[in-house]
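What's in final_6.txt: compact mmCIF, C-alpha atoms and all ligand atoms
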```
# COMPACT_ATOMS: atom_id res chain seq x y z
CA MET A 1 -0.69 -118.13 47.06
CA HIS A 2 2.23 -115.74 47.40
CA ILE A 3 3.08 -113.10 44.81
CA ASP A 4 6.46 -111.51 44.39
CA PRO A 5 5.82 -107.74 44.47
CA ALA A 6 8.58 -107.20 41.90
CA THR A 7 6.54 -108.95 39.23
CA LEU A 8 3.54 -106.65 39.70
CA PRO A 9 2.81 -103.70 37.43
CA PRO A 10 2.99 -100.17 38.96
CA LEU A 11 0.18 -99.66 41.50
CA ASP A 12 -1.33 -96.70 39.68
CA ASP A 13 -1.77 -98.77 36.53
CA MET A 14 -4.00 -101.22 38.34
CA ILE A 15 -7.56 -101.14 39.60
CA ALA A 16 -9.11 -103.56 42.09
CA CYS A 17 -12.66 -104.86 41.82
CA PRO A 18 -14.64 -103.43 44.77
CA HIS A 19 -16.71 -106.62 45.07
CA CYS A 20 -14.06 -109.34 44.98
CA ASP A 21 -10.69 -107.53 45.30
CA THR A 22 -9.32 -108.97 42.04
CA LEU A 23 -6.60 -106.88 40.40
CA HIS A 24 -6.95 -105.64 36.83
CA MET A 25 -4.98 -103.35 34.56
CA GLU A 26 -6.59 -99.93 34.22
CA ASP A 27 -6.21 -99.86 30.45
CA ASP A 28 -7.45 -97.19 28.12
CA LEU A 29 -10.66 -98.49 26.61
CA PRO A 30 -11.95 -97.60 23.16
CA ASP A 31 -14.88 -95.17 23.31
CA GLY A 32 -18.16 -96.87 24.17
CA ALA A 33 -16.46 -99.98 25.60
CA ARG A 34 -17.21 -101.47 29.01
CA ALA A 35 -14.84 -103.53 31.11
CA TYR A 36 -16.10 -106.16 33.55
CA CYS A 37 -14.33 -107.95 36.39
CA ARG A 38 -12.80 -111.20 35.13
CA ARG A 39 -13.76 -113.02 38.30
CA CYS A 40 -17.14 -111.77 39.52
CA GLY A 41 -18.46 -109.93 36.48
CA ALA A 42 -18.99 -106.57 38.19
CA LEU A 43 -18.87 -103.56 35.86
CA LEU A 44 -15.52 -101.85 36.40
CA LEU A 45 -14.99 -99.15 33.82
CA THR A 46 -16.87 -97.54 30.97
CA ALA A 47 -15.44 -95.26 28.34
CA GLU A 48 -17.88 -92.55 27.29
CA SER A 49 -15.98 -89.49 26.21
CA ARG A 50 -19.13 -87.34 26.43
CA ALA A 51 -20.32 -88.67 29.81
CA VAL A 52 -18.86 -85.88 31.96
CA VAL A 53 -20.31 -83.18 29.70
CA TRP A 54 -23.72 -84.87 29.79
CA LEU A 55 -23.57 -85.29 33.56
CA VAL A 56 -22.79 -81.63 34.14
CA SER A 57 -25.45 -80.27 31.78
CA LEU A 58 -28.15 -82.62 33.05
CA ALA A 59 -27.27 -81.99 36.70
CA SER A 60 -27.57 -78.22 36.11
CA ALA A 61 -31.00 -78.72 34.55
CA ALA A 62 -31.97 -80.97 37.46
CA VAL A 63 -31.11 -78.29 40.04
CA VAL A 64 -33.47 -75.84 38.31
CA LEU A 65 -36.18 -78.51 38.11
CA MET A 66 -35.74 -79.29 41.80
CA VAL A 67 -36.34 -75.67 42.75
CA ALA A 68 -39.49 -75.64 40.60
CA ALA A 69 -40.60 -79.02 41.93
CA VAL A 70 -40.54 -77.95 45.57
CA SER A 71 -41.99 -74.46 45.22
CA PHE A 72 -44.81 -74.75 42.65
CA PRO A 73 -48.14 -76.47 43.43
CA PHE A 74 -47.67 -80.22 43.37
CA LEU A 75 -51.13 -81.70 43.82
CA ASP A 76 -54.51 -80.12 44.41
CA LEU A 77 -57.30 -81.92 46.22
CA SER A 78 -60.91 -80.81 46.19
CA LEU A 79 -63.83 -82.28 48.06
CA GLN A 80 -67.28 -80.78 48.62
CA GLY A 81 -66.12 -77.32 47.65
CA GLN A 82 -63.02 -77.36 49.87
CA HIS A 83 -59.59 -77.09 48.32
CA ASN A 84 -56.20 -78.14 49.53
CA GLY A 85 -53.45 -77.28 47.08
CA THR A 86 -49.93 -77.90 48.25
CA SER A 87 -46.37 -77.42 47.17
CA VAL A 88 -43.80 -79.85 48.52
CA ILE A 89 -42.26 -77.16 50.78
CA HIS A 90 -45.67 -76.22 52.15
CA ALA A 91 -46.54 -79.88 52.71
CA ILE A 92 -43.35 -80.52 54.65
CA LEU A 93 -43.93 -77.44 56.82
CA VAL A 94 -47.57 -78.31 57.59
CA PHE A 95 -46.78 -81.95 58.08
CA GLY A 96 -43.86 -81.15 60.34
CA SER A 97 -45.82 -79.04 62.79
CA GLY A 98 -47.42 -81.89 64.71
CA LYS A 99 -46.36 -85.25 66.07
CA ALA A 100 -45.05 -86.21 62.67
CA ILE A 101 -41.89 -84.05 62.84
CA PRO A 102 -39.38 -86.95 62.62
CA LEU A 103 -41.21 -88.39 59.64
CA ALA A 104 -41.37 -84.98 57.95
CA ILE A 105 -37.63 -84.51 58.42
CA ALA A 106 -36.90 -87.98 57.01
CA VAL A 107 -39.09 -87.41 53.95
CA ALA A 108 -37.57 -83.96 53.34
CA LEU A 109 -34.09 -85.47 53.52
CA PHE A 110 -34.82 -88.37 51.17
CA ILE A 111 -36.67 -86.48 48.46
CA VAL A 112 -35.30 -82.92 48.54
CA VAL A 113 -32.16 -82.35 50.62
CA LEU A 114 -30.04 -85.39 49.71
CA PRO A 115 -30.89 -85.37 45.97
CA LEU A 116 -30.02 -81.65 45.89
CA VAL A 117 -26.76 -82.17 47.80
CA ARG A 118 -25.83 -84.95 45.37
CA LEU A 119 -26.49 -82.71 42.35
CA LEU A 120 -24.57 -79.74 43.74
CA ALA A 121 -21.62 -81.91 44.82
CA LEU A 122 -21.49 -83.51 41.36
CA LEU A 123 -21.50 -80.08 39.71
CA HIS A 124 -18.79 -78.85 42.07
CA ALA A 125 -16.61 -81.86 41.25
CA LEU A 126 -17.08 -82.01 37.49
CA ALA A 127 -17.91 -78.52 36.21
CA PRO A 128 -14.24 -77.41 36.17
CA LEU A 129 -13.37 -80.39 33.94
CA VAL A 130 -15.93 -79.28 31.35
CA ARG A 131 -14.55 -75.75 31.38
CA GLY A 132 -11.08 -77.20 30.83
CA VAL A 133 -9.60 -76.12 34.16
CA PRO A 134 -8.12 -78.54 36.73
CA PRO A 135 -10.52 -79.82 39.40
CA THR A 136 -10.52 -77.98 42.73
CA PRO A 137 -8.89 -79.69 45.75
CA SER A 138 -12.33 -80.42 47.23
CA ALA A 139 -13.57 -82.06 44.01
CA ARG A 140 -12.60 -85.51 45.28
CA VAL A 141 -14.49 -85.15 48.54
CA ALA A 142 -17.48 -83.80 46.60
CA PHE A 143 -17.56 -86.73 44.19
CA ALA A 144 -17.11 -89.25 47.02
CA LEU A 145 -20.15 -87.63 48.65
CA THR A 146 -22.22 -87.90 45.44
CA ASP A 147 -21.30 -91.55 45.14
CA GLN A 148 -21.99 -92.45 48.77
CA LEU A 149 -25.31 -90.65 49.01
CA ARG A 150 -26.69 -92.51 46.02
CA PRO A 151 -28.79 -95.09 47.93
CA TRP A 152 -30.20 -92.38 50.22
CA ALA A 153 -31.59 -90.08 47.53
CA MET A 154 -35.04 -91.48 46.83
CA ALA A 155 -36.79 -89.12 44.42
CA GLU A 156 -37.73 -91.96 42.04
CA ILE A 157 -39.23 -94.02 44.86
CA PHE A 158 -41.22 -90.98 45.95
CA MET A 159 -42.77 -90.79 42.46
CA VAL A 160 -44.07 -94.35 42.79
CA GLY A 161 -45.45 -93.33 46.20
CA VAL A 162 -47.24 -90.39 44.57
CA THR A 163 -48.86 -92.77 42.06
CA VAL A 164 -50.10 -95.07 44.81
CA ALA A 165 -51.40 -92.11 46.83
CA LEU A 166 -53.28 -90.75 43.80
CA VAL A 167 -55.04 -94.08 43.33
CA LYS A 168 -55.92 -94.21 47.03
CA VAL A 169 -57.60 -90.78 47.14
CA ALA A 170 -59.17 -91.05 43.69
CA GLY A 171 -62.24 -92.67 45.23
CA MET A 172 -62.89 -89.99 47.83
CA ALA A 173 -61.91 -86.71 46.19
CA ASP A 174 -60.85 -85.01 42.95
CA VAL A 175 -57.13 -84.60 42.56
CA THR A 176 -55.41 -82.52 39.91
CA VAL A 177 -51.67 -82.43 39.31
CA GLY A 178 -49.80 -79.12 39.23
CA PRO A 179 -46.68 -77.96 37.35
CA ALA A 180 -44.38 -79.15 40.14
CA PHE A 181 -45.57 -82.70 39.54
CA TRP A 182 -44.25 -82.60 35.96
CA ALA A 183 -41.03 -80.91 37.08
CA PHE A 184 -40.55 -83.81 39.49
CA VAL A 185 -41.19 -86.39 36.76
CA ALA A 186 -38.54 -84.73 34.56
CA LEU A 187 -36.15 -84.59 37.52
CA VAL A 188 -36.58 -88.30 38.20
CA LEU A 189 -35.96 -89.21 34.56
CA ILE A 190 -32.76 -87.12 34.54
CA THR A 191 -31.59 -88.71 37.80
CA ILE A 192 -32.12 -92.22 36.47
CA PHE A 193 -30.32 -91.37 33.22
CA ASN A 194 -27.43 -89.70 35.07
CA ASP A 195 -26.94 -92.66 37.39
CA GLN A 196 -26.86 -94.94 34.34
CA ILE A 197 -24.08 -93.04 32.57
CA MET A 198 -22.13 -92.21 35.74
CA ASN A 199 -19.34 -94.74 36.13
CA ARG A 200 -17.50 -93.96 39.35
CA PHE A 201 -14.16 -95.44 38.25
CA ALA A 202 -14.24 -93.51 34.98
CA ILE A 203 -14.92 -90.31 36.92
CA TRP A 204 -12.06 -90.95 39.35
CA LYS A 205 -9.85 -91.46 36.32
CA ALA A 206 -11.09 -88.18 34.83
CA LEU A 207 -10.41 -86.37 38.13
CA ASP A 208 -6.89 -87.86 38.12
CA THR A 209 -6.06 -86.72 34.62
CA GLY A 210 -8.04 -83.47 34.84
CA THR A 211 -9.72 -84.03 31.47
CA THR A 212 -13.23 -85.06 30.47
CA ALA A 213 -12.11 -87.90 28.20
CA MET B 214 -10.59 -106.48 32.12
CA GLU B 215 -12.22 -108.65 29.58
CA SER B 216 -12.56 -106.29 26.66
CA THR B 217 -8.88 -105.38 26.48
CA GLY B 218 -5.70 -107.34 26.30
CA HIS B 219 -4.08 -108.13 29.61
CA GLY B 220 -0.64 -109.26 28.67
CA HIS B 221 0.96 -107.64 31.71
CA HIS B 222 3.31 -109.67 33.85
CA GLY B 223 1.74 -110.37 37.23
CA LEU B 224 -1.91 -110.27 36.19
CA THR B 225 -2.31 -113.24 33.90
CA THR B 226 -3.83 -115.18 36.78
CA LEU B 227 -6.69 -113.94 38.95
CA THR B 228 -4.97 -112.31 41.89
CA THR B 229 -6.62 -110.35 44.67
CA ALA B 230 -5.03 -107.21 46.09
CA ARG B 231 -4.72 -108.95 49.46
CA GLU B 232 -2.90 -111.93 47.95
CA ALA B 233 -0.46 -109.49 46.38
CA GLY B 234 0.13 -107.83 49.76
CA LEU B 235 -1.71 -104.69 48.66
CA ILE B 236 -4.79 -102.81 49.84
CA ALA B 237 -7.49 -101.66 47.45
CA CYS B 238 -10.03 -98.88 47.96
CA THR B 239 -13.58 -100.17 47.53
CA ARG B 240 -14.90 -96.71 46.71
CA CYS B 241 -12.62 -95.83 43.80
CA GLY B 242 -10.59 -98.96 42.97
CA GLN B 243 -7.19 -97.36 43.65
CA VAL B 244 -4.51 -99.90 44.68
CA HIS B 245 -2.14 -99.01 47.52
CA ALA B 246 0.86 -100.56 49.26
CA GLY B 247 -0.09 -102.87 52.12
CA ASP B 248 0.56 -100.35 54.91
CA ALA B 249 -1.64 -97.52 53.57
CA VAL B 250 -4.53 -96.35 55.78
CA LYS B 251 -6.12 -93.61 53.69
CA CYS B 252 -6.93 -93.62 49.98
CA LYS B 253 -4.85 -91.11 48.06
CA ARG B 254 -7.45 -90.88 45.30
CA CYS B 255 -10.77 -90.38 47.13
CA HIS B 256 -9.46 -89.82 50.71
CA GLY B 257 -11.61 -92.67 52.03
CA PRO B 258 -10.46 -95.03 54.81
CA LEU B 259 -8.69 -98.21 53.69
CA GLN B 260 -9.04 -101.72 55.05
CA SER B 261 -7.88 -104.89 53.38
CA ARG B 262 -10.99 -106.54 54.79
CA ASP B 263 -13.51 -104.91 57.06
CA THR B 264 -13.06 -107.38 59.90
CA ARG B 265 -15.87 -105.91 61.97
CA SER B 266 -18.14 -105.93 58.95
CA LEU B 267 -20.22 -108.92 60.06
CA GLN B 268 -20.76 -107.54 63.57
CA LYS B 269 -22.16 -104.34 62.08
CA VAL B 270 -24.25 -106.30 59.58
CA TRP B 271 -25.88 -108.37 62.35
CA ALA B 272 -26.40 -105.37 64.66
CA TRP B 273 -28.20 -103.28 62.02
CA LEU B 274 -30.11 -106.29 60.77
CA ILE B 275 -31.48 -107.10 64.22
CA ALA B 276 -32.39 -103.43 64.75
CA GLY B 277 -34.22 -103.50 61.42
CA MET B 278 -36.13 -106.65 62.33
CA ILE B 279 -37.14 -105.24 65.71
CA ALA B 280 -38.44 -101.99 64.16
CA PHE B 281 -40.37 -104.09 61.63
CA ILE B 282 -42.59 -105.56 64.38
CA PRO B 283 -44.38 -102.36 65.54
CA ALA B 284 -44.44 -101.29 61.88
CA ASN B 285 -46.83 -104.16 61.23
CA LEU B 286 -48.80 -104.16 64.48
CA TYR B 287 -49.62 -100.46 64.74
CA PRO B 288 -51.62 -98.34 62.28
CA MET B 289 -49.87 -96.71 59.36
CA LEU B 290 -52.73 -94.32 58.56
CA LEU B 291 -55.34 -92.63 60.75
CA THR B 292 -58.30 -91.53 58.64
CA ARG B 293 -61.01 -89.26 60.00
CA THR B 294 -64.10 -88.30 57.98
CA LEU B 295 -67.46 -86.77 58.95
CA LEU B 296 -68.94 -90.20 59.42
CA GLU B 297 -66.18 -92.36 60.72
CA ARG B 298 -62.71 -92.75 62.08
CA SER B 299 -60.54 -95.60 60.90
CA GLU B 300 -57.05 -96.92 61.26
CA SER B 301 -55.23 -99.13 58.82
CA THR B 302 -52.08 -101.17 59.16
CA ILE B 303 -49.73 -102.01 56.27
CA VAL B 304 -51.51 -105.27 55.46
CA GLY B 305 -54.88 -103.62 56.16
CA GLY B 306 -54.08 -100.99 53.54
CA VAL B 307 -53.29 -103.68 50.99
CA ILE B 308 -56.57 -105.49 51.73
CA GLU B 309 -58.46 -102.23 51.33
CA LEU B 310 -56.87 -101.64 47.92
CA LEU B 311 -57.86 -105.18 46.88
CA HIS B 312 -61.39 -104.52 48.11
CA TYR B 313 -61.70 -101.54 45.76
CA GLY B 314 -60.32 -103.58 42.87
CA ASN B 315 -56.93 -101.83 42.61
CA TYR B 316 -55.02 -105.09 42.17
CA GLY B 317 -51.91 -103.63 40.52
CA ILE B 318 -51.40 -100.97 43.19
CA ALA B 319 -52.14 -103.50 45.94
CA ALA B 320 -49.43 -105.73 44.50
CA ILE B 321 -46.90 -102.87 44.42
CA VAL B 322 -47.57 -101.96 48.05
CA PHE B 323 -47.52 -105.59 49.19
CA VAL B 324 -44.21 -106.31 47.42
CA ALA B 325 -42.57 -103.09 48.66
CA SER B 326 -43.81 -103.30 52.25
CA VAL B 327 -43.85 -107.03 52.98
CA VAL B 328 -42.04 -109.15 50.38
CA ILE B 329 -38.94 -106.95 49.97
CA PRO B 330 -38.29 -106.30 53.71
CA VAL B 331 -38.79 -109.93 54.72
CA GLY B 332 -36.81 -111.18 51.71
CA LYS B 333 -34.03 -108.77 52.58
CA PHE B 334 -33.84 -109.93 56.22
CA ILE B 335 -33.50 -113.52 55.03
CA ALA B 336 -30.99 -112.72 52.27
CA ILE B 337 -28.65 -110.66 54.49
CA ALA B 338 -28.79 -113.24 57.29
CA TYR B 339 -28.08 -115.99 54.76
CA LEU B 340 -25.08 -114.15 53.25
CA ALA B 341 -23.61 -113.23 56.66
CA TRP B 342 -24.15 -116.73 58.04
CA GLY B 343 -22.64 -118.25 54.89
CA VAL B 344 -19.49 -116.12 55.21
CA GLN B 345 -19.10 -117.02 58.89
CA ARG B 346 -19.39 -120.72 58.19
CA GLY B 347 -17.18 -120.55 55.10
CA HIS B 348 -20.19 -122.01 53.39
CA ARG B 349 -20.02 -122.55 49.66
CA LEU B 350 -22.64 -121.34 47.28
CA ARG B 351 -22.13 -120.95 43.59
CA GLN B 352 -20.19 -117.69 43.12
CA HIS B 353 -22.51 -116.01 40.72
CA GLN B 354 -25.59 -116.84 42.78
CA ARG B 355 -24.17 -115.14 45.84
CA HIS B 356 -22.91 -112.23 43.83
CA ARG B 357 -26.37 -111.76 42.33
CA LEU B 358 -28.01 -112.06 45.74
CA TYR B 359 -25.71 -109.37 47.13
CA ASP B 360 -26.42 -107.08 44.19
CA ILE B 361 -30.17 -107.51 44.63
CA VAL B 362 -30.01 -106.84 48.36
CA GLU B 363 -27.89 -103.74 47.86
CA PHE B 364 -30.12 -102.29 45.15
CA ILE B 365 -33.67 -103.24 46.05
CA GLY B 366 -34.04 -102.53 49.78
CA ARG B 367 -34.63 -98.80 49.39
CA TRP B 368 -37.80 -99.44 47.37
CA SER B 369 -39.53 -100.54 50.58
CA MET B 370 -39.82 -96.86 51.40
CA ILE B 371 -42.81 -96.48 49.00
CA ASP B 372 -45.49 -96.89 51.68
CA VAL B 373 -43.86 -94.31 53.94
CA PHE B 374 -44.02 -91.78 51.10
CA VAL B 375 -47.67 -92.72 50.43
CA VAL B 376 -48.49 -91.96 54.06
CA ALA B 377 -46.57 -88.67 53.91
CA ILE B 378 -48.34 -87.55 50.72
CA LEU B 379 -51.81 -88.52 51.93
CA SER B 380 -51.27 -86.81 55.28
CA ALA B 381 -50.13 -83.60 53.62
CA LEU B 382 -52.87 -83.66 50.99
CA VAL B 383 -55.95 -84.78 52.87
CA GLN B 384 -56.37 -82.04 55.46
CA LEU B 385 -59.87 -80.64 54.89
CA ASN B 386 -61.27 -79.05 58.02
CA GLY B 387 -64.14 -81.08 59.35
CA ILE B 388 -64.68 -83.13 56.21
CA ALA B 389 -61.70 -85.43 56.09
CA ALA B 390 -58.21 -85.69 57.52
CA ILE B 391 -55.49 -88.30 57.23
CA ASN B 392 -52.62 -88.49 59.69
CA PRO B 393 -49.60 -90.77 59.95
CA GLY B 394 -49.69 -93.51 62.58
CA VAL B 395 -46.90 -94.92 64.74
CA ALA B 396 -46.11 -97.57 62.15
CA ALA B 397 -44.99 -95.02 59.55
CA LEU B 398 -41.95 -93.98 61.55
CA SER B 399 -41.08 -97.51 62.73
CA PHE B 400 -41.31 -98.77 59.16
CA ALA B 401 -39.06 -95.96 57.90
CA LEU B 402 -36.55 -96.83 60.64
CA SER B 403 -36.70 -100.50 59.73
CA VAL B 404 -35.85 -99.69 56.09
CA VAL B 405 -33.00 -97.38 57.11
CA PHE B 406 -31.50 -99.97 59.52
CA THR B 407 -31.66 -102.73 56.91
CA MET B 408 -30.03 -100.47 54.32
CA LEU B 409 -27.22 -99.74 56.81
CA SER B 410 -26.89 -103.49 57.39
CA ALA B 411 -26.50 -104.18 53.66
CA LEU B 412 -24.06 -101.28 53.24
CA ALA B 413 -21.93 -102.57 56.14
CA PHE B 414 -21.43 -105.89 54.36
CA ASP B 415 -17.96 -106.22 52.85
CA PRO B 416 -18.67 -108.26 49.67
CA ARG B 417 -15.00 -109.27 49.43
CA LEU B 418 -15.63 -111.63 52.37
CA ILE B 419 -18.01 -113.67 50.19
CA TRP B 420 -15.26 -114.22 47.62
CA ASP B 421 -12.62 -114.95 50.26
CA ALA B 422 -14.80 -117.74 51.67
CA ASP B 423 -14.91 -119.18 48.18
CA ARG B 424 -11.18 -118.95 47.75
CA THR B 425 -10.17 -120.72 50.94
CA VAL B 426 -12.32 -123.75 50.15
CA SER B 427 -11.34 -124.22 46.52
ZN ZN C 1 -14.83 -108.72 40.87
ZN ZN C 2 -10.40 -94.50 47.14
```
Is it possible to give me this structure as structure tokens?
Ligand SMILES: [Zn+2]
Ligand SMILES: [Zn+2]
Amino acid sequence: MHIDPATLPPLDDMIACPHCDTLHMEDDLPDGARAYCRRCGALLLTAESRAVVWLVSLASAAVVLMVAAVSFPFLDLSLQGQHNGTSVIHAILVFGSGKAIPLAIAVALFIVVLPLVRLLALLHALAPLVRGVPPTPSARVAFALTDQLRPWAMAEIFMVGVTVALVKVAGMADVTVGPAFWAFVALVLITIFNDQIMNRFAIWKALDTGTTA
Amino acid sequence: MESTGHGHHGLTTLTTAREAGLIACTRCGQVHAGDAVKCKRCHGPLQSRDTRSLQKVWAWLIAGMIAFIPANLYPMLLTRTLLERSESTIVGGVIELLHYGNYGIAAIVFVASVVIPVGKFIAIAYLAWGVQRGHRLRQHQRHRLYDIVEFIGRWSMIDVFVVAILSALVQLNGIAAINPGVAALSFALSVVFTMLSALAFDPRLIWDADRTVS
């Protein structure tokens, strides 16, 4: 099939499906609408006029929660009068002192460093839009980073791991959860919600126009 | 786009960017002229099709499968108490959970550590092989398979986190100590390699294979 380029709409008015390469018009959608690829059904664009504002406020809250989650006591184990209460930071430091250094680094990256980088990069990219000023030149790189790191930030998977670990030690010792545990739960819920409302094509559009709508 | 009118000239039929002599960015959807090399919207690299995609997919996949072998043969957890010393492998850990009657948790660990990794090896190999052979599979089936592979592989990491938490938590001098075994790192590597394999896959190749046949 050959297409005469003259019959095509202007390039900036189009958007291509990332899964199947099919061209679509990047129309303005009514608020709350979702547009899917006509060929493969992938979600292309959502229109949520409040999404950017939500993303920025929730990401700010999440940064505070992350600081609390890594520094306060997470779990406390007691057995025959001995205690071992740990914060996530403390655990990573202790854990990383022996043969397990590579594993400690990997876990620290997946559950603390990369989620935090994603949050800060998202804030850097979108906060100016909420304040009504044009995005900074590095906003695009920052949002691309947020988007690409998504599979590598595993805070929610870590929470399932915590649940399994609690069941495993329940038989041999008493475990109590600390404030950091609940901070982490809240953080995970915010992350899941944020990733649901974050539509990358809508954000690129917002960065292009410099407005939140 | 389905929800809006698309009365525009060239787009009444389903046309891919490549068929129109254009290059699209897979990260942000921006359409460029055919000779562009860098996306003007997100600054990412542009390729009409990632021609070396399948090579990378196979390389990471094989690395992931190789790392999966020691992950299952060697112990994941080394437990030391006053009375005994024990080692447990991934499957051994699942059996232990079953033994204590924790069926739900045993199922979660088994699915995350065995079913998902093995299923993912098979699914990626099947998709890559299918593209190479120009094999036809119903479009939406393959699309769904790709989506599942892309989204679900990271959940295998659960058992690695369990080992990390237990090792950090259970460190009581003389009474009990848990330490990670060799398998923990090899399993983590296996998950990372398989994720890289899935991310290297250019899904547009699946749809191209479909196009050339029909
Ligand atoms: Zn599509
Ligand atoms: Zn781009």
*asked:* One number please: CA of Ser261 in chain B to CA of Val141 in chain A, in Å, one decimal.
replied: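 Pair CA of Ser261 in chain B / CA of Val141 in chain A returns 21.4 Å.
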*asked:* Taking all atoms listed in the file into account, list the residues no farther than 10 Å from ligand ZN 1 (chain C), as a PyMOL selection string.
replied: (chain A and resi 16-24+36-44) or (chain B and resi 214+227+229+356+416-417+420)
*d(CA of Ala173 in chain A, CA of Ser369 in chain B) in Å*: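 Distance between the two atoms: 26.7 Å.
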*Test item: residues at most 8 Å from Asn84 in chain A, all atoms listed in the file, excluding those fewer than 2 positions along its chain, as a list in words*: Asp76, Leu77, Ser78, Gln82 and Thr86 of chain A; Leu382, Val383, Gln384 and Leu385 of chain B
*Provide as number ranges by chain the residues of chain B at most 6 Å from chain A, counting only C-alpha atoms.*
B: 214-216, 223, 228-230, 233, 237, 239, 241-244, 255, 371, 374-375, 381, 398, 416-417, 420
*asked:* Under the rule that only C-alpha atoms and all ligand atoms are counted, which of B:Val304, B:Ala284, B:Ala272, B:Val250 is the nearest residue to ligand ZN 2 (chain C)?
replied: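 Once distances to ligand ZN 2 (chain C) are computed over only C-alpha atoms and all ligand atoms, the minimum belongs to B:Val250.
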*Near range 327-340 of chain B, within 9 Å and counting all atoms listed in the file, which residues show up once chain neighbours fewer than 5 positions away are dropped, as an NGL selection string?*
:B and (270-271 or 274-275 or 277-278 or 281 or 303-304 or 322 or 345 or 355 or 358-359 or 361-362 or 365-366 or 368-369 or 403-404 or 407 or 410-411 or 414 or 419)
*CA of Ala422 in chain B to CA of Gly247 in chain B, distance in Å rounded to a single decimal*: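 Separating CA of Ala422 in chain B from CA of Gly247 in chain B is a distance of 20.9 Å.
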_Residue among B:Cys252, B:Leu409, B:Ala390, B:Ala377 lying closest to ligand ZN 2 (chain C), counting only C-alpha atoms and all ligand atoms_ =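 Of all the options, B:Cys252 lies closest to ligand ZN 2 (chain C).
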*Between B:Arg293, B:Leu412, B:Glu309, B:Ile378, which has the minimum distance to Trp273 in chain B (counting only C-alpha atoms)?*
B:Leu412
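For the choices B:Phe364, B:Ser266, B:Pro258, B:Leu224, the atom-to-atom distance to ligand ZN 2 (chain C) is smallest for B:Pro258 when using only C-alpha atoms and all ligand atoms.
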Need the axis-aligned box for range 264-275 of chain B with 5 Å each side, so what are the centre and edges in Å to one decimal, as AutoDock Vina command-line options?
```
--center_x -22.3 --center_y -106.1 --center_z 61.8 --size_x 28.4 --size_y 15.6 --size_z 15.7
```
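Proximity to Ala183 in chain A was assessed for A:Leu122, A:Leu55, A:Leu116, A:Met66 counting all atoms listed in the file; the smallest distance is recorded for A:Met66.
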